[in-house]
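J.: Input file: target-v1.txt. Contents: compact mmCIF, C-alpha atoms and all ligand atoms.
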# COMPACT_ATOMS: atom_id res chain seq x y z
CA MET V 25 10.87 -23.11 -22.14
CA SER V 26 12.63 -19.85 -22.72
CA PHE V 27 11.41 -16.26 -23.16
CA ASP V 28 13.01 -12.87 -23.64
CA ALA V 29 11.09 -11.70 -20.59
CA VAL V 30 9.08 -13.42 -17.87
CA ILE V 31 6.87 -11.27 -15.67
CA ALA V 32 5.66 -12.40 -12.25
CA GLY V 33 2.20 -10.95 -11.57
CA ALA V 34 -0.60 -9.79 -13.87
CA GLY V 35 -1.58 -6.58 -12.12
CA PRO V 36 -1.39 -3.18 -13.85
CA ALA V 37 2.44 -3.11 -13.60
CA GLY V 38 3.01 -6.59 -15.02
CA LEU V 39 0.44 -6.25 -17.81
CA SER V 40 1.71 -2.82 -18.90
CA ALA V 41 5.29 -4.13 -19.00
CA ALA V 42 4.17 -7.20 -20.98
CA GLU V 43 2.37 -5.12 -23.59
CA THR V 44 5.35 -2.77 -24.00
CA ILE V 45 7.89 -5.58 -24.42
CA ALA V 46 5.66 -7.59 -26.78
CA ARG V 47 5.09 -4.50 -28.95
CA ARG V 48 8.87 -4.34 -29.41
CA GLY V 49 8.73 -7.83 -30.96
CA ARG V 50 10.02 -9.78 -27.96
CA THR V 51 8.66 -12.98 -26.44
CA VAL V 52 6.97 -12.37 -23.07
CA LEU V 53 5.26 -14.66 -20.60
CA VAL V 54 3.21 -13.31 -17.67
CA LEU V 55 2.59 -15.69 -14.77
CA GLU V 56 -0.39 -14.93 -12.52
CA GLN V 57 -1.13 -16.88 -9.37
CA ASN V 58 -4.89 -16.26 -9.46
CA HIS V 59 -7.45 -17.90 -11.70
CA GLU V 60 -8.73 -14.60 -13.06
CA ILE V 61 -7.11 -11.27 -13.96
CA GLY V 62 -8.26 -8.48 -11.64
CA SER V 63 -9.88 -10.81 -9.16
CA PRO V 64 -10.09 -10.89 -6.20
CA ILE V 65 -10.16 -7.09 -6.17
CA ARG V 66 -7.73 -5.52 -3.69
CA THR V 67 -8.08 -1.87 -4.59
CA SER V 68 -10.64 0.95 -4.52
CA GLY V 69 -9.94 2.28 -7.99
CA GLY V 70 -9.68 6.03 -7.33
CA SER V 71 -7.74 7.71 -10.15
CA PHE V 72 -7.39 10.71 -12.45
CA ILE V 73 -9.10 11.12 -15.81
CA ALA V 74 -6.28 12.91 -17.67
CA GLU V 75 -3.75 10.30 -16.54
CA LEU V 76 -5.98 7.41 -17.60
CA GLU V 77 -6.55 9.07 -20.98
CA ARG V 78 -2.77 9.35 -21.36
CA LEU V 79 -2.53 5.65 -20.58
CA GLY V 80 -5.16 4.81 -23.21
CA ILE V 81 -7.87 3.59 -20.82
CA PRO V 82 -11.29 3.98 -22.48
CA ALA V 83 -13.74 6.39 -20.80
CA GLU V 84 -16.43 3.71 -20.38
CA LEU V 85 -14.14 1.95 -17.88
CA TYR V 86 -14.17 4.76 -15.31
CA HIS V 87 -16.78 6.80 -13.48
CA PRO V 88 -16.28 10.60 -13.19
CA ILE V 89 -16.50 12.31 -9.78
CA ARG V 90 -17.99 15.81 -9.60
CA ARG V 91 -17.56 16.64 -5.93
CA VAL V 92 -15.17 15.62 -3.15
CA ARG V 93 -16.08 16.12 0.49
CA PHE V 94 -13.12 15.99 2.87
CA LEU V 95 -14.36 15.35 6.40
CA ALA V 96 -12.25 15.96 9.51
CA PRO V 97 -13.88 15.20 12.87
CA ASN V 98 -15.14 18.80 13.34
CA ASN V 99 -14.28 20.51 10.11
CA ALA V 100 -14.85 19.91 6.40
CA ALA V 101 -13.69 21.05 2.96
CA HIS V 102 -15.67 20.72 -0.27
CA PHE V 103 -14.33 20.68 -3.81
CA ASP V 104 -16.54 20.84 -6.89
CA TYR V 105 -15.55 19.61 -10.34
CA PRO V 106 -18.10 20.63 -12.98
CA GLN V 107 -15.46 19.32 -15.43
CA PRO V 108 -14.47 16.09 -13.65
CA THR V 109 -10.78 15.49 -12.92
CA LEU V 110 -11.07 12.53 -10.55
CA CYS V 111 -12.69 9.20 -11.27
CA VAL V 112 -13.18 5.68 -9.95
CA ILE V 113 -12.32 2.82 -12.25
CA ASP V 114 -14.15 -0.43 -12.87
CA VAL V 115 -11.17 -2.35 -11.50
CA ARG V 116 -11.84 -5.79 -12.94
CA ARG V 117 -12.62 -4.44 -16.41
CA VAL V 118 -9.58 -2.10 -16.48
CA PHE V 119 -7.20 -4.85 -15.42
CA GLN V 120 -8.72 -7.23 -18.00
CA PHE V 121 -8.52 -4.49 -20.64
CA LEU V 122 -4.77 -4.25 -19.91
CA ALA V 123 -4.55 -8.03 -20.30
CA GLU V 124 -6.38 -7.89 -23.65
CA ARG V 125 -4.06 -5.17 -24.88
CA ALA V 126 -1.00 -7.21 -23.83
CA ILE V 127 -2.37 -10.33 -25.56
CA ARG V 128 -3.10 -8.35 -28.72
CA ALA V 129 0.52 -7.13 -28.69
CA GLY V 130 1.70 -10.74 -28.56
CA ALA V 131 2.26 -11.45 -24.85
CA ARG V 132 1.36 -14.82 -23.34
CA ILE V 133 -0.44 -14.98 -20.01
CA ARG V 134 -0.62 -18.09 -17.90
CA LEU V 135 -3.10 -18.12 -15.00
CA ALA V 136 -3.09 -20.16 -11.79
CA THR V 137 0.72 -20.27 -11.78
CA ALA V 138 2.53 -18.80 -8.81
CA VAL V 139 6.17 -17.80 -9.15
CA GLU V 140 8.03 -19.27 -6.20
CA GLY V 141 11.27 -17.40 -6.77
CA PRO V 142 14.05 -16.52 -9.21
CA VAL V 143 16.51 -18.92 -10.80
CA LEU V 144 19.94 -17.56 -9.90
CA GLU V 145 23.25 -18.35 -11.59
CA ASN V 146 26.33 -16.67 -10.14
CA GLY V 147 24.17 -13.88 -8.74
CA ARG V 148 22.37 -13.26 -12.05
CA VAL V 149 18.65 -13.89 -12.47
CA THR V 150 18.17 -16.25 -15.42
CA GLY V 151 14.54 -17.27 -14.97
CA VAL V 152 11.83 -18.13 -12.46
CA ARG V 153 10.73 -21.22 -10.57
CA THR V 154 7.13 -22.33 -10.33
CA ARG V 155 5.98 -25.41 -8.43
CA ALA V 156 6.08 -27.47 -11.62
CA GLU V 157 9.13 -26.18 -13.49
CA SER V 158 11.80 -23.59 -14.10
CA ILE V 159 11.30 -21.14 -16.95
CA GLU V 160 14.28 -19.44 -18.55
CA ALA V 161 14.21 -15.71 -19.25
CA ARG V 162 16.79 -13.19 -20.28
CA VAL V 163 15.03 -10.69 -18.00
CA VAL V 164 12.56 -11.23 -15.16
CA ILE V 165 10.25 -8.46 -13.96
CA ASP V 166 8.89 -8.72 -10.44
CA ALA V 167 5.37 -7.28 -10.57
CA THR V 168 3.99 -9.36 -7.71
CA GLY V 169 2.72 -6.36 -5.75
CA TYR V 170 3.39 -5.80 -2.05
CA ARG V 171 4.96 -9.25 -1.58
CA SER V 172 7.89 -8.47 -3.97
CA THR V 173 8.58 -12.21 -4.05
CA VAL V 174 11.34 -12.17 -6.68
CA LEU V 175 13.16 -8.96 -5.71
CA LYS V 176 13.46 -10.20 -2.13
CA GLN V 177 14.81 -13.62 -3.05
CA ALA V 178 17.21 -12.09 -5.59
CA GLY V 179 18.63 -10.10 -2.66
CA LEU V 180 17.79 -6.69 -4.11
CA ASP V 181 15.48 -5.58 -1.32
CA PRO V 182 14.45 -6.91 2.08
CA GLY V 183 10.76 -6.19 1.42
CA PHE V 184 8.45 -3.72 3.12
CA ALA V 185 7.74 -3.16 6.79
CA ARG V 186 5.15 -0.36 6.60
CA PHE V 187 1.83 -0.95 4.83
CA GLY V 188 -1.54 0.60 4.29
CA ALA V 189 -3.96 -2.15 5.32
CA GLY V 190 -7.40 -1.73 3.77
CA ALA V 191 -10.83 -3.30 4.12
CA GLU V 192 -13.73 -2.36 1.90
CA TYR V 193 -17.33 -3.20 1.04
CA ASP V 194 -18.45 -2.83 -2.54
CA LEU V 195 -22.11 -1.96 -2.03
CA PHE V 196 -25.13 -1.72 -4.22
CA ALA V 197 -26.51 1.49 -2.72
CA PRO V 198 -29.41 2.70 -4.87
CA PHE V 199 -29.78 6.12 -3.18
CA CYS V 200 -26.12 7.02 -2.67
CA ASP V 201 -24.97 10.11 -4.60
CA GLN V 202 -23.00 8.81 -7.59
CA ASN V 203 -21.32 12.19 -8.17
CA GLU V 204 -19.67 12.55 -4.80
CA ALA V 205 -16.57 10.94 -3.29
CA VAL V 206 -16.02 11.34 0.45
CA LEU V 207 -12.68 11.20 2.28
CA ILE V 208 -12.81 10.91 6.08
CA VAL V 209 -9.85 11.44 8.42
CA GLY V 210 -9.34 11.29 12.18
CA GLY V 211 -10.69 8.70 14.61
CA ALA V 212 -12.82 7.00 11.94
CA ALA V 213 -9.57 5.66 10.42
CA PRO V 214 -6.63 6.37 12.74
CA SER V 215 -3.32 6.98 10.92
CA GLY V 216 -5.08 6.49 7.59
CA TYR V 217 -8.41 7.51 6.09
CA ALA V 218 -11.80 6.19 5.11
CA TRP V 219 -13.44 6.61 1.72
CA VAL V 220 -16.72 6.48 -0.17
CA PHE V 221 -16.05 5.94 -3.88
CA PRO V 222 -19.06 5.62 -6.21
CA TRP V 223 -18.24 3.82 -9.44
CA GLY V 224 -21.52 3.83 -11.40
CA ARG V 225 -24.79 1.90 -11.66
CA GLY V 226 -25.54 2.31 -7.95
CA ARG V 227 -22.27 0.71 -6.90
CA VAL V 228 -20.16 2.33 -4.16
CA ARG V 229 -16.89 1.24 -2.55
CA VAL V 230 -16.77 2.12 1.14
CA GLY V 231 -13.50 1.38 2.88
CA VAL V 232 -11.02 2.08 5.64
CA GLY V 233 -7.22 2.10 5.37
CA ILE V 234 -4.93 2.09 8.40
CA ILE V 235 -1.16 2.38 8.32
CA HIS V 236 0.56 -0.56 10.01
CA PRO V 237 2.52 -0.55 12.25
CA ASP V 238 1.93 3.18 12.98
CA HIS V 239 -1.45 2.07 14.35
CA ARG V 240 -2.37 -1.47 15.32
CA GLY V 241 -6.11 -1.23 14.55
CA GLN V 242 -7.71 -3.72 12.17
CA PRO V 243 -9.45 -1.90 9.30
CA GLU V 244 -12.39 -4.40 9.32
CA LYS V 245 -13.46 -3.22 12.80
CA PHE V 246 -13.39 0.43 11.76
CA LEU V 247 -15.24 -0.41 8.55
CA ASP V 248 -18.32 -1.71 10.36
CA ARG V 249 -18.36 1.41 12.56
CA LEU V 250 -18.00 3.59 9.47
CA ILE V 251 -21.00 1.98 7.76
CA ASP V 252 -23.10 2.82 10.85
CA ASP V 253 -21.79 6.42 10.86
CA LEU V 254 -22.13 7.26 7.18
CA PRO V 255 -25.82 8.28 7.20
CA ARG V 256 -24.94 10.88 9.91
CA LEU V 257 -22.21 12.16 7.55
CA GLY V 258 -24.69 12.67 4.73
CA VAL V 259 -24.05 9.45 2.79
CA ASP V 260 -27.36 7.86 1.86
CA LEU V 261 -27.09 4.12 2.37
CA ARG V 262 -30.82 3.35 2.45
CA GLY V 263 -31.39 -0.11 1.05
CA ALA V 264 -27.64 -0.69 0.55
CA GLN V 265 -26.09 -4.15 0.73
CA ALA V 266 -22.60 -5.45 0.10
CA VAL V 267 -22.02 -7.29 -3.17
CA GLU V 268 -18.28 -7.86 -2.60
CA LYS V 269 -15.88 -7.53 0.31
CA HIS V 270 -12.26 -6.59 -0.40
CA ALA V 271 -9.07 -6.46 1.66
CA GLY V 272 -5.50 -5.66 0.71
CA LEU V 273 -2.12 -4.21 1.55
CA ILE V 274 -0.13 -1.48 -0.15
CA PRO V 275 3.51 -0.72 0.73
CA SER V 276 3.72 2.67 2.39
CA GLU V 277 7.45 3.31 2.17
CA ARG V 278 9.99 4.85 -0.12
CA PHE V 279 11.00 2.89 -3.21
CA ALA V 280 12.63 -0.50 -2.82
CA ARG V 281 16.31 -0.11 -1.92
CA ARG V 282 17.17 -1.39 -5.42
CA PHE V 283 14.78 -2.40 -8.15
CA SER V 284 17.25 -3.31 -10.88
CA GLY V 285 19.83 -6.08 -10.91
CA ASP V 286 21.50 -8.48 -13.32
CA GLY V 287 18.62 -9.90 -15.36
CA ILE V 288 15.89 -8.45 -13.12
CA LEU V 289 13.70 -5.39 -12.59
CA GLY V 290 10.90 -4.64 -10.15
CA ALA V 291 7.87 -2.54 -11.12
CA GLY V 292 4.74 -1.27 -9.36
CA ASP V 293 4.01 -2.07 -5.71
CA ALA V 294 6.75 -4.72 -5.74
CA ALA V 295 9.25 -1.87 -5.99
CA GLY V 296 7.28 0.60 -3.84
CA HIS V 297 6.28 2.76 -6.82
CA ALA V 298 2.85 3.80 -5.47
CA SER V 299 2.31 7.19 -3.88
CA SER V 300 2.07 6.72 -0.13
CA LEU V 301 0.30 10.08 0.26
CA VAL V 302 -3.14 8.45 -0.04
CA GLY V 303 -2.12 4.92 -1.06
CA GLU V 304 -2.66 5.48 -4.79
CA GLY V 305 -0.80 3.10 -7.07
CA ILE V 306 -2.76 1.93 -10.11
CA ARG V 307 -1.59 4.50 -12.63
CA TRP V 308 1.88 4.57 -11.04
CA ALA V 309 2.03 0.81 -11.63
CA MET V 310 1.05 1.31 -15.28
CA TYR V 311 3.71 4.00 -15.74
CA ALA V 312 6.30 1.84 -13.99
CA GLY V 313 5.36 -1.18 -16.11
CA LYS V 314 5.65 0.82 -19.34
CA MET V 315 8.96 2.39 -18.34
CA ALA V 316 10.38 -0.94 -17.15
CA GLY V 317 9.18 -2.57 -20.39
CA GLU V 318 10.91 0.05 -22.54
CA THR V 319 14.14 -0.42 -20.58
CA VAL V 320 13.96 -4.21 -20.98
CA ALA V 321 13.32 -3.92 -24.73
CA ASP V 322 16.25 -1.48 -25.13
CA ALA V 323 18.52 -3.82 -23.13
CA LEU V 324 17.48 -6.81 -25.24
CA ASP V 325 18.13 -4.83 -28.44
CA ARG V 326 21.66 -4.11 -27.18
CA ASN V 327 22.08 -7.70 -25.99
CA ASP V 328 23.01 -6.43 -22.54
CA VAL V 329 20.73 -7.30 -19.62
CA SER V 330 23.28 -6.52 -16.92
CA ARG V 331 22.40 -4.39 -13.94
CA ALA V 332 24.29 -1.50 -15.56
CA ALA V 333 21.91 -1.61 -18.56
CA LEU V 334 18.70 -2.27 -16.60
CA SER V 335 19.40 0.39 -13.98
CA ALA V 336 18.43 2.94 -16.66
CA PHE V 337 14.85 2.32 -15.47
CA GLU V 338 15.73 2.96 -11.84
CA LYS V 339 17.56 6.19 -12.71
CA LYS V 340 14.78 7.45 -14.96
CA TRP V 341 12.07 6.67 -12.39
CA ARG V 342 13.94 8.41 -9.58
CA ARG V 343 14.64 11.45 -11.80
CA LYS V 344 11.07 11.78 -13.02
CA PHE V 345 9.03 10.94 -9.90
CA GLY V 346 11.53 10.67 -7.03
CA LEU V 347 11.00 14.10 -5.49
CA ASN V 348 7.19 14.06 -5.45
CA LEU V 349 7.01 10.45 -4.25
CA SER V 350 9.54 11.11 -1.47
CA LEU V 351 7.60 14.19 -0.38
CA ALA V 352 4.39 12.11 -0.43
CA HIS V 353 6.01 9.56 1.83
CA ARG V 354 7.28 12.18 4.27
CA ILE V 355 3.86 13.85 4.43
CA ASN V 356 2.20 10.49 4.96
CA GLN V 357 4.54 9.65 7.87
CA ARG V 358 3.65 12.96 9.43
CA ILE V 359 -0.12 12.92 8.95
CA ALA V 360 -0.32 9.33 10.18
CA ARG V 361 0.43 10.77 13.64
CA TRP V 362 -2.17 13.54 13.59
CA ASP V 363 -4.98 13.45 16.13
CA ASP V 364 -8.52 14.75 15.60
CA GLU V 365 -7.69 18.26 16.75
CA LYS V 366 -4.73 18.54 14.37
CA TRP V 367 -6.85 17.30 11.48
CA ASP V 368 -9.48 19.92 12.29
CA ARG V 369 -6.82 22.65 12.21
CA ARG V 370 -5.07 21.37 9.08
CA THR V 371 -8.36 21.19 7.22
CA GLU V 372 -8.25 25.02 7.29
CA ILE V 373 -5.23 24.79 4.95
CA LEU V 374 -7.09 22.47 2.60
CA LYS V 375 -9.95 24.97 2.44
CA LYS V 376 -7.53 27.47 0.88
CA LEU V 377 -6.85 25.16 -2.05
CA SER V 378 -8.83 25.50 -5.27
CA PRO V 379 -10.51 22.28 -6.47
CA GLU V 380 -7.73 21.97 -9.08
CA GLN V 381 -4.99 22.38 -6.47
CA PHE V 382 -6.64 19.84 -4.20
CA ALA V 383 -6.77 17.37 -7.11
CA GLU V 384 -3.11 18.08 -7.97
CA ALA V 385 -2.13 17.46 -4.33
CA LEU V 386 -4.07 14.18 -4.28
CA LYS V 387 -2.33 13.32 -7.53
CA THR V 388 1.02 13.75 -5.69
CA ASN V 389 1.98 16.75 -7.81
CA LEU V 390 3.17 18.24 -4.54
CA THR V 391 5.95 20.37 -5.99
CA GLY V 392 3.33 21.98 -8.26
CA VAL V 393 1.04 22.87 -5.34
CA TRP V 394 4.05 24.00 -3.30
CA ARG V 395 5.15 26.29 -6.11
CA ALA V 396 1.64 27.75 -6.19
CA GLY V 397 2.33 28.87 -2.61
CA LYS V 398 -0.51 27.13 -0.83
CA TRP V 399 1.40 24.36 0.88
CA GLY V 400 4.77 25.94 1.45
CA PRO V 401 6.65 26.33 4.71
CA GLY V 402 4.59 28.34 7.13
CA ALA V 403 1.21 27.76 5.43
CA GLY V 404 -1.50 27.42 8.05
CA LYS V 405 0.84 27.64 11.05
C1 LIG X 1 -7.31 -1.36 0.15
C2 LIG X 1 -6.57 -0.73 -1.00
C3 LIG X 1 -7.15 0.34 -1.67
C4 LIG X 1 -6.47 0.92 -2.74
N1 LIG X 1 -7.05 1.95 -3.40
C5 LIG X 1 -6.43 2.51 -4.46
C6 LIG X 1 -7.06 3.54 -5.20
O1 LIG X 1 -8.18 3.97 -4.88
N2 LIG X 1 -6.41 4.04 -6.29
C7 LIG X 1 -5.16 3.59 -6.65
O2 LIG X 1 -4.60 4.07 -7.66
N3 LIG X 1 -4.54 2.62 -5.96
C8 LIG X 1 -5.15 2.06 -4.88
N4 LIG X 1 -4.53 1.06 -4.21
C9 LIG X 1 -3.18 0.65 -4.62
C10 LIG X 1 -3.22 -0.17 -5.90
O3 LIG X 1 -4.14 -1.21 -5.80
C11 LIG X 1 -1.83 -0.75 -6.17
O4 LIG X 1 -0.85 0.25 -6.01
C12 LIG X 1 -1.74 -1.33 -7.58
O5 LIG X 1 -2.71 -2.32 -7.76
C13 LIG X 1 -0.35 -1.89 -7.81
O6 LIG X 1 -0.30 -2.59 -9.03
P1 LIG X 1 0.78 -3.76 -9.24
O7 LIG X 1 0.55 -4.28 -10.59
O8 LIG X 1 2.10 -3.28 -8.84
O9 LIG X 1 0.39 -4.86 -8.14
P2 LIG X 1 -0.96 -5.65 -7.90
O10 LIG X 1 -2.13 -4.90 -8.41
O11 LIG X 1 -0.91 -6.05 -6.46
O12 LIG X 1 -0.79 -6.94 -8.82
C14 LIG X 1 0.11 -7.98 -8.47
C15 LIG X 1 -0.36 -9.23 -9.18
O13 LIG X 1 0.63 -10.23 -8.96
C16 LIG X 1 0.00 -11.43 -8.59
N5 LIG X 1 0.99 -12.19 -7.81
C17 LIG X 1 1.43 -11.94 -6.56
N6 LIG X 1 2.38 -12.83 -6.21
C18 LIG X 1 2.53 -13.66 -7.27
C19 LIG X 1 3.37 -14.77 -7.54
N7 LIG X 1 4.24 -15.20 -6.62
N8 LIG X 1 3.28 -15.39 -8.73
C20 LIG X 1 2.40 -14.96 -9.67
N9 LIG X 1 1.56 -13.92 -9.48
C21 LIG X 1 1.65 -13.26 -8.30
C22 LIG X 1 -1.21 -10.99 -7.79
O14 LIG X 1 -2.18 -12.01 -7.76
C23 LIG X 1 -1.66 -9.78 -8.60
O15 LIG X 1 -2.51 -10.13 -9.65
C24 LIG X 1 -5.18 0.45 -3.12
C25 LIG X 1 -4.61 -0.62 -2.44
C26 LIG X 1 -5.29 -1.19 -1.38
C27 LIG X 1 -4.65 -2.35 -0.65
Can the structure in the file be given as structure tokens, please?
Ligand SMILES: Cc1cc2nc3c(=O)[nH]c(=O)nc-3n(C[C@H](O)[C@H](O)[C@H](O)COP(=O)(O)OP(=O)(O)OC[C@H]3O[C@@H](n4cnc5c(N)ncnc54)[C@H](O)[C@@H]3O)c2cc1C
T.:
Amino acid sequence: MSFDAVIAGAGPAGLSAAETIARRGRTVLVLEQNHEIGSPIRTSGGSFIAELERLGIPAELYHPIRRVRFLAPNNAAHFDYPQPTLCVIDVRRVFQFLAERAIRAGARIRLATAVEGPVLENGRVTGVRTRAESIEARVVIDATGYRSTVLKQAGLDPGFARFGAGAEYDLFAPFCDQNEAVLIVGGAAPSGYAWVFPWGRGRVRVGVGIIHPDHRGQPEKFLDRLIDDLPRLGVDLRGAQAVEKHAGLIPSERFARRFSGDGILGAGDAAGHASSLVGEGIRWAMYAGKMAGETVADALDRNDVSRAALSAFEKKWRRKFGLNLSLAHRINQRIARWDDEKWDRRTEILKKLSPEQFAEALKTNLTGVWRAGKWGPGAGK
């Protein structure tokens, strides 16, 4: 079996890459280890409406948020969005929508097939190995998420050592406010944060993320405490019960050392493309998948899949997003060390932001907020 491109992993990065390459008339196979796209869920689905529109995600697949409450231990900031900017996606349906779009474009998806590693010939990646067989490909894209199975074995990157570790209940909570998302920092989620993300029809994702190894706490323990505390914080969980329980990891580092090589690219979490500011990676994975897919299609058109040709993706990504994503990482490293008192003080800075600026900061448009003068050197000292 031989394909122009084989993609390991059918998350948002892999599916977006597959659609892009298939649209350019190339043969693409996506291998997914699980039996179902988008399941089990390992993400909370917070995102941004304008970005999702740009990515062609239909409005019925996300739930708009009209208010964000940011809670420090003894301080709070509120942001209202009469015209919603933020949203929470229906994760399973969005990921399956991406799969449908890739299939319509001509990509093939094979479920229940784990990629064990790359096939290497004289240092070049020429395909992938599964338990049953080897599959030839002119280009392989590693979109396996935080494990970065193929990039590691191809010797491009040693893998990640710092992760956001999350645990979450997806509740049916009939009285919980469906307009309001809540972000909680400080002792409730040391080195990370906790969240309440409504996503429609009475459903609410309540979770805790902790940065490992900055803090050694297990998010599950903090999650049960959080559920007990939420009514005191104004979150109405009367009659609520969990319908699903989720857990997952997201790399919380700079990009992979290298995410392009001879016959191989990495995209999405596999290459560290998420924003580590708040552990937000779904739309970044879609952008990375699209950009990687365009690069692969261009390289195939020129009949050159060498590292020199494929590194166009790496250069473009770094040029377009490098500064904001590096700043996000530096800020995350710093805030992961803040104690309750520091969070209380720093919340005063957040209070100076307009709702739009707060949303832009969450979106990792940090240079934009910086330019607006609210987050620059000296702010809030
Ligand atoms: C607890 C938690 C909460 C989060 N909340 C948010 C949020 O609110 N908003 C946001 O934007 N982001 C959030 N993220 C991050 C977001 O989920 C990821 O950044 C995003 O899913 C990355 O997409 P991806 O396609 O790169 O990888 P993934 O979504 O991880 O997809 C990788 C796919 O590859 C498959 N796979 C793995 N190994 C193999 C293999 N060897 N062979 C074949 N298939 C394989 C996996 O099964 C999976 O389907 C959160 C992450 C966590 C852990």
J.: Quick one: contact table of chain V to ligand LIG 1 (chain X), 7 Å max, nearest atom pair and distance in Å to one decimal per residue, counting all atoms listed in the file, chain and number order, as a tab-separated table?
T.:
residue	atom	partner	partner_atom	distance
V:Ala32	CA	X:LIG1	C20	4.9
V:Gly33	CA	X:LIG1	O13	3.1
V:Ala34	CA	X:LIG1	O15	4.6
V:Gly35	CA	X:LIG1	O12	3.4
V:Pro36	CA	X:LIG1	O7	3.9
V:Ala37	CA	X:LIG1	O7	3.7
V:Gly38	CA	X:LIG1	O7	5.6
V:Leu55	CA	X:LIG1	C20	5.2
V:Glu56	CA	X:LIG1	N9	3.8
V:Gln57	CA	X:LIG1	N9	4.0
V:Asn58	CA	X:LIG1	O14	5.3
V:Ile61	CA	X:LIG1	O15	6.4
V:Gly62	CA	X:LIG1	O15	6.3
V:Arg66	CA	X:LIG1	C27	5.4
V:Thr67	CA	X:LIG1	C4	3.7
V:Ser68	CA	X:LIG1	N1	3.9
V:Gly69	CA	X:LIG1	O1	4.0
V:Gly70	CA	X:LIG1	O1	3.5
V:Ser71	CA	X:LIG1	O2	5.4
V:Thr137	CA	X:LIG1	C20	6.0
V:Ala138	CA	X:LIG1	N8	3.5
V:Val139	CA	X:LIG1	N8	3.8
V:Glu140	CA	X:LIG1	N7	5.6
V:Ala167	CA	X:LIG1	O8	5.4
V:Thr168	CA	X:LIG1	O13	3.7
V:Gly169	CA	X:LIG1	O9	3.7
V:Tyr170	CA	X:LIG1	O11	6.2
V:Arg171	CA	X:LIG1	N6	6.4
V:Thr173	CA	X:LIG1	N7	5.9
V:Gly188	CA	X:LIG1	C27	6.5
V:Ala189	CA	X:LIG1	C27	6.0
V:Gly190	CA	X:LIG1	C1	3.6
V:Ala191	CA	X:LIG1	C1	5.6
V:Glu192	CA	X:LIG1	C1	6.7
V:Gly233	CA	X:LIG1	C1	6.3
V:Ala271	CA	X:LIG1	C1	5.6
V:Gly272	CA	X:LIG1	C27	3.7
V:Leu273	CA	X:LIG1	C27	3.8
V:Ile274	CA	X:LIG1	C27	4.6
V:Ala291	CA	X:LIG1	O8	6.2
V:Gly292	CA	X:LIG1	O8	3.4
V:Asp293	CA	X:LIG1	O8	3.9
V:Ala294	CA	X:LIG1	O8	5.8
V:Ala298	CA	X:LIG1	O4	5.2
V:Gly303	CA	X:LIG1	N4	5.5
V:Glu304	CA	X:LIG1	N3	3.6
V:Gly305	CA	X:LIG1	O4	3.0
V:Ile306	CA	X:LIG1	O2	3.7
V:Arg307	CA	X:LIG1	O2	5.8
V:Ala309	CA	X:LIG1	O6	4.9
J.: Ranking V:Val230, V:Ala385, V:Ala126, V:Leu334 by minimum distance to Val163 in chain V and counting only C-alpha atoms, which one comes first?
T.: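 Checking each of V:Val230, V:Ala385, V:Ala126, V:Leu334 against Val163 in chain V, counting only C-alpha atoms, the winner is V:Leu334.
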J.: Taking all atoms listed in the file into account, name the residue in V:Pro88, V:Phe187, V:Trp223, V:Ala46 that is nearest to Asp114 in chain V.
T.: V:Trp223
J.: Excluding Ser350 in chain V and its own-chain neighbours fewer than 3 positions away, which residues fall within 12 Å of it when counting all atoms listed in the file? Please give them as a ChimeraX atom specification.
T.: /V:276-279,296-301,342-347,353-357,388-391
J.: Can you measure CA of Arg358 in chain V to CA of Pro275 in chain V for me? One decimal in Å is fine.
T.: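 About the pair CA of Arg358 in chain V and CA of Pro275 in chain V: they are 16.2 Å apart.
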J.: Need the neighbours of (-15.2, 15.7, 5.4): which residues are at most 12 Å away, counting only C-alpha atoms, as a compact mmCIF listing (two decimals) with C-alpha atoms, in the coordinates of the input?
T.:
# COMPACT_ATOMS: atom_id res chain seq x y z
CA ARG V 91 -17.56 16.64 -5.93
CA VAL V 92 -15.17 15.62 -3.15
CA ARG V 93 -16.08 16.12 0.49
CA PHE V 94 -13.12 15.99 2.87
CA LEU V 95 -14.36 15.35 6.40
CA ALA V 96 -12.25 15.96 9.51
CA PRO V 97 -13.88 15.20 12.87
CA ASN V 98 -15.14 18.80 13.34
CA ASN V 99 -14.28 20.51 10.11
CA ALA V 100 -14.85 19.91 6.40
CA ALA V 101 -13.69 21.05 2.96
CA HIS V 102 -15.67 20.72 -0.27
CA PHE V 103 -14.33 20.68 -3.81
CA GLU V 204 -19.67 12.55 -4.80
CA ALA V 205 -16.57 10.94 -3.29
CA VAL V 206 -16.02 11.34 0.45
CA LEU V 207 -12.68 11.20 2.28
CA ILE V 208 -12.81 10.91 6.08
CA VAL V 209 -9.85 11.44 8.42
CA GLY V 210 -9.34 11.29 12.18
CA ALA V 212 -12.82 7.00 11.94
CA TYR V 217 -8.41 7.51 6.09
CA ALA V 218 -11.80 6.19 5.11
CA TRP V 219 -13.44 6.61 1.72
CA VAL V 220 -16.72 6.48 -0.17
CA LEU V 254 -22.13 7.26 7.18
CA ARG V 256 -24.94 10.88 9.91
CA LEU V 257 -22.21 12.16 7.55
CA GLY V 258 -24.69 12.67 4.73
CA VAL V 259 -24.05 9.45 2.79
CA TRP V 367 -6.85 17.30 11.48
CA ASP V 368 -9.48 19.92 12.29
CA THR V 371 -8.36 21.19 7.22
CA GLU V 372 -8.25 25.02 7.29
CA LEU V 374 -7.09 22.47 2.60
CA LYS V 375 -9.95 24.97 2.44
J.: Dump as CSV the rows for residues of range 79-154 of chain V within 12 Å of range 25-28 of chain V: closest atom pair and distance in Å with one decimal, all atoms listed in the file counted, ordered by chain and rising residue number.
T.:
residue,atom,partner,partner_atom,distance
V:Ala131,CA,V:Phe27,CA,10.5
V:Arg132,CA,V:Phe27,CA,10.2
V:Thr150,CA,V:Ser26,CA,9.8
V:Gly151,CA,V:Ser26,CA,8.4
V:Val152,CA,V:Ser26,CA,10.4
V:Arg153,CA,V:Met25,CA,11.7
